[in-house]
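In what follows, a structure is listed as structure tokens, so that the remarks can point back to it.
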Amino acid sequence: MKCPKCNSGMKEARVRIQDAKSPVISHQCAKCGYFDFEEKSINNAIREIKIMEAPLSIKQKIIKLSHGRLGMYLSKDIARSLNLRGGEEVYVCVPDKKHLLVSISC
């Protein structure tokens with residue numbers, strides 16, 4: 001493979017990208033420093049990074065409703081990140097005494 005900037009030969013190297021598990025194949029020019037990533041391997045790395053993204057975490061207060069019921073408001077940031085609208089159904093699961101899991105119906 002030839003370098004598009006200086007037309008000299010490029011060598012193939014495997015490089016590590018932060019937060020991606022698998023290495024990415026890069027084509028690098030030793031003469032001018034130009035580099036390019038192989039499309040398939042960089043797309044795999046981007047997919048891995050997106051999976052590893054930190055979830056949205058916001059501190060919320062529990063509110064008291066009528067008849068001894070409790071509730072919680074969802075901030076606009078949470079609603080926007082999950083594409084929630086009023087009236088949608090969700091599934092609530094209590095896996096243990098410290099966690100409340102809310103799943104969006106598909």
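Note on naming: chains are A, B, ... as they come in the structure tokens, residues start from 1 per chain, ligands start from 1 in the order shown.
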| message | I'd like to know which residues of chain A are helix (DSSP H, G or I) (by DSSP, run on the backbone); could you write them as number ranges by chain? | response | A: 39-52, 66-68, 76-82
| task | For Leu82 of chain A, list every protein, DNA or RNA residue within 12 Å, evaluated using only C-alpha atoms, and leave out those in the same chain fewer than 6 positions away; present the list as an MDAnalysis selection string. | result | chainID A and resid 55:56 74:76 88 90 102:106
Quick one: write out the picked residues with C-alpha atoms as a tab-separated table (two decimals), in the first residue's frame?
```tsv
chain	number	residue	atom	x	y	z
A	55	PRO	CA	-24.42	4.69	31.78
A	56	LEU	CA	-26.22	7.88	32.68
A	74	LEU	CA	-37.52	11.00	35.72
A	75	SER	CA	-35.46	14.00	34.70
A	76	LYS	CA	-35.62	15.27	31.14
A	88	GLU	CA	-45.40	4.40	27.84
A	90	VAL	CA	-42.13	-0.11	31.48
A	102	VAL	CA	-36.64	-0.70	34.95
A	103	SER	CA	-36.84	-2.12	31.41
A	104	ILE	CA	-38.44	-0.35	28.48
A	105	SER	CA	-40.98	-2.39	26.52
A	106	CYS	CA	-40.00	-2.98	22.91
```
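The spacing separating atom CA of Lys50 of chain A from atom CA of Val15 of chain A amounts to 18.5 Å.
Shortest atom-to-atom contact with Gln18 of chain A among A:Asp96, A:Glu38, A:Glu48, A:Glu89: A:Glu48, counting only C-alpha atoms.
Near Lys31 of chain A, within a cut-off of 12 Å and counting only C-alpha atoms, sit the residues Lys2, Cys3, Pro4, Lys5, Cys6, Asn7, Ser8, Gly9, Met10 and Lys11 of chain A, with same-chain residues fewer than 6 positions away left out.
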| said: Please identify the strand (DSSP E or B) residues within chain A (assignment by DSSP from backbone atoms) and present them as a PyMOL selection string. | reply: chain A and resi 2+9-15+24-29+35-37+63-64+70-71+90-96+99-104
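Once Ser41 of chain A and its same-chain neighbours fewer than 3 positions away are set aside, Val24, Ile25, Glu38, Asn44 and Ala45 of chain A remain within 7 Å of it when counting only C-alpha atoms.
We find atom CA of Gly87 of chain A and atom CA of Leu65 of chain A to be spaced 18.0 Å apart.
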| request: For Asp36 of chain A, please output as a PyMOL selection string all residues within 8 Å (counting only C-alpha atoms; exclusion window: fewer than 3 positions along the same chain). | output: chain A and resi 26-28
Residues from the last selection, N, CA and C atoms, saved as a PDB file, in the first residue's frame:
```pdb
ATOM      1  N   SER A  26      -3.534  -0.729  11.575  1.00  0.00           N
ATOM      2  CA  SER A  26      -3.232   0.612  11.078  1.00  0.00           C
ATOM      3  C   SER A  26      -2.167   0.501   9.988  1.00  0.00           C
ATOM      4  N   HIS A  27      -2.294   1.328   8.972  1.00  0.00           N
ATOM      5  CA  HIS A  27      -1.271   1.428   7.925  1.00  0.00           C
ATOM      6  C   HIS A  27      -0.546   2.747   8.158  1.00  0.00           C
ATOM      7  N   GLN A  28       0.797   2.662   8.371  1.00  0.00           N
ATOM      8  CA  GLN A  28       1.566   3.839   8.764  1.00  0.00           C
ATOM      9  C   GLN A  28       2.720   4.089   7.804  1.00  0.00           C
TER      10      GLN A  28
END
```
